[in-house]
Amino acid sequence: MSIRLNKPFQDLTPENLVSVQGQLGVYQLADENDNIFYIGYAGGRSLFGLHGELTREMQARESKPTRFRYEVNQQYISRYEELLMLHQFDYGELPERVKDEYPHKVGVLSPN
Amino acid sequence: MDYQLSEEQQILVDMVRRFVREEICPLEDKLDPDAGEIDPEDSTRLKEMTRKMGLYGLGIPPEFGGPDVDVTTQTLLAFEMAQHRAGLYNPCYNVFGGAGLAQLYEATEEQKEKYLYPVLRGEKTSFFGLTEPSGGSDPGRAIQTRAVKDGNDWVLNGSKIFISGADHADFGILFARTSEDKGRNGVTCFIVDTDMPGFHVRRVVHTLRSTKYATEIQIEDLRIPEENILGELNKGFAIANDRLSRYRIPYAAGCIGVAMRAQEMAIEYVKIRETFGGLLASRQAIQWMIVDNEIDIRTARHVCLEAAQKADRGEDFRTEAAMAKLLGSEAGGRVVDRVMQIHGGYGMTKDLPLERWYREMRIRRIGEGPSEVQRLVMARNLIGGSFH
């Protein structure tokens with residue numbers, strides 16, 4: 001099983017959010033070139049889970065082209081931290097918005 | 001055995017209970033239900049408070065700067081520190097400080113300077129690398145990671161699994177086989193810096209618990225100098241075993257603390273929740289659950305304190321520690337399960353801490369030696385050493 005989130009990105013549009021359920025999980029946001037600029041999660045306090053979080057993101061982005069992919073996952077905290085570590089390994093740093101939001105030290109992974 | 005708390009113990013217990021309820025629980029109200037960390041600013045502020053309380057560094061021997069608190073009192077405080085949502089695996093979010101790896105107190109002075117003291121000052125973090133994919137319950141025989149002498153160095157190859165904190169650690173201790181002996185006498189303990197070439201944290205091992213996750217480590221031609229051997233060559237298993245016995249008391253205490261808080265929640269709830277025209281408290285089925293909880297809690301607490309008191313007296317406490325670990329983890333699981341049942345649908349939601357405790361408590365019957373191994377330890381101590 002790949003530890004990276006490898007599903008293809010979709011445009012963050014109301015039509016594409018219809019099939020996203022209100023479950024717990026993690027998600028990534030990317031620009032029109034699929035460059036990831038945010039990693040987030042829908043946790044126990046997220047209203048309507050992934051659907052709610054992604055809807056909120058879509059509204060906040062207004063007309064800026066944004067793409068998304070997600071993974072339903074009950075262990076959303078450890079999966080979220082794993083995705084942060086993987087991003088740091090792949091790109092040498094965290095996405096900008098995560099840097100502003102995440103106050104903790106990120107661990108070091110060196111996946112195969 | 002007299003379990004009347006001394007005046008000093010009662011003051012400390014009351015102080016820590018108030019700290020948990022007034023400082024820790026309000027922070028959790030704003031965190032994700034599965035969160036494992038508080039904001040660093042809160043952490044700094046609360047550590048300052050625990051220093052003023054004289055309780056920072058509980059578990060650190062007084063000669064290394066820790067408070068002079070005996071094991072029994074530490075156990076009483078551990079019951080209290082676990083009584084919040086993250087309390088089972090992250091009691092009070094570590095604002096009482098940590099003792100670090102107990103094995104390092106036996107290290108050479110050079111090793112203490114490089115590894116132990118920075119940990120005690122909060123400058124470095126560490127991990128404990130024992131369990132391998134080939135097994136964790138019988139590490140003396142299961143260890144397949146090999147260390148081969150090459151000049152003044154040892155070259156290690158192998159893998160470890162279920163290792164907490166390796167991704168954040170500056171160093172850790174790793175156990176590897178250093179002789180042809182296939183049993184406990186061929187294992188050596190090495191101190192490993194995580195930035196050494198050949199040390200890799202390959203993945204997060206996702207489990208029932210969301211925070212304080214475990215990792216899988218791969219070791220490829222990891223070159224370690226001779227001076228990084230902790231203890232003696234081929235005597236590493238004794239170091240591992242020492243930790244396993246010592247850690248069983250606080251491990252049990254955490255389970256019991258959570259069970260105590262869950263029982264409080266149940267008693268509060270049954271007095272206000274009505275069904276079929278009467279309070280839950282008036283239903284015999286519920287009353288018996290509450291009574292069974294109390295029996296479980298008191299039995300486990302009794303044995304846990306007995307183990308702590310034997311440790312304080314310098315007596316062999318291995319049987320009592322194994323019994324405490326078994327009773328604490330199993331009784332804790334039963335109590336949380338019953339309290340969920342009493343709370344009905346709400347018990348399963350993330351609105352309450354019960355569902356998190358339920359998941360995490362299940363791990364406690366396996367972590368730090370499963371119940372079956374605790375029974376094996378007790379049987380070996382009661383019957384004698386040659387029947388296993």
# chains A, B, ... in the order shown; residues from 1 in each chain; ligands from 1

call {"tool": "closest_atom_pairs", "arguments": {"of": "chain A", "to": "chain B", "cutoff": "6 Å", "atoms": "only C-alpha atoms", "output": "CSV"}}
result
residue,atom,partner,partner_atom,distance
A:Gly44,CA,B:Pro33,CA,5.8
A:Gln75,CA,B:Ser210,CA,5.2
A:Ile77,CA,B:Ser210,CA,5.7
A:Ser78,CA,B:Ser210,CA,5.3
A:Gly107,CA,B:His168,CA,4.6
A:Val108,CA,B:Asp167,CA,4.9
A:Leu109,CA,B:Val201,CA,5.1
A:Ser110,CA,B:Arg202,CA,5.4
A:Pro111,CA,B:Arg202,CA,4.5

call {"tool": "closest_residue", "arguments": {"among": "B:Asp68, B:Asp312, B:Leu58, B:Cys92", "to": "Leu46 in chain B", "atoms": "only C-alpha atoms"}}
result
B:Cys92

call {"tool": "atom_distance", "arguments": {"atom1": "CA of Thr178 in chain B", "atom2": "CA of Val192 in chain B"}}
result
15.6 Å

call {"tool": "closest_residue", "arguments": {"among": "A:Thr55, A:Asp31, A:Asn112, A:Gly25", "to": "Phe9 in chain A", "atoms": "only C-alpha atoms"}}
result
A:Asp31

call {"tool": "select_by_dssp", "arguments": {"residues": "chain A", "states": "alpha helix (DSSP H)", "output": "MDAnalysis selection string"}}
result
chainID A and resid 14:17 49:61 76:91 96:101

call {"tool": "select_by_dssp", "arguments": {"residues": "chain A", "states": "strand (DSSP E or B)", "output": "list in words"}}
result
Gln10, Asp11, Gly25, Val26, Tyr27, Gln28, Leu29, Ala30, Ile36, Phe37, Tyr38, Ile39, Gly40, Tyr41, Ala42, Arg67, Phe68, Arg69, Tyr70, Glu71 and Val72 of chain A

call {"tool": "write_last_selection", "arguments": {"atoms": "C-alpha atoms", "output": "tab-separated table (two decimals), in the first residue's frame"}}
result
chain	number	residue	atom	x	y	z
A	10	GLN	CA	-10.38	16.98	-9.07
A	11	ASP	CA	-11.56	20.55	-9.48
A	25	GLY	CA	-10.38	11.99	6.85
A	26	VAL	CA	-7.60	13.98	5.26
A	27	TYR	CA	-7.39	16.10	2.14
A	28	GLN	CA	-4.94	18.03	-0.02
A	29	LEU	CA	-5.53	21.22	-1.99
A	30	ALA	CA	-3.54	22.11	-5.08
A	36	ILE	CA	-0.05	21.12	-3.26
A	37	PHE	CA	-0.49	24.25	-1.19
A	38	TYR	CA	-2.46	22.85	1.73
A	39	ILE	CA	-2.94	19.63	3.69
A	40	GLY	CA	-5.84	19.44	6.09
A	41	TYR	CA	-8.12	17.06	7.90
A	42	ALA	CA	-11.75	16.70	8.83
A	67	ARG	CA	-8.10	21.18	-7.05
A	68	PHE	CA	-8.56	18.64	-4.30
A	69	ARG	CA	-8.23	15.01	-3.34
A	70	TYR	CA	-9.15	13.28	-0.13
A	71	GLU	CA	-9.02	10.03	1.81
A	72	VAL	CA	-11.61	8.81	4.29
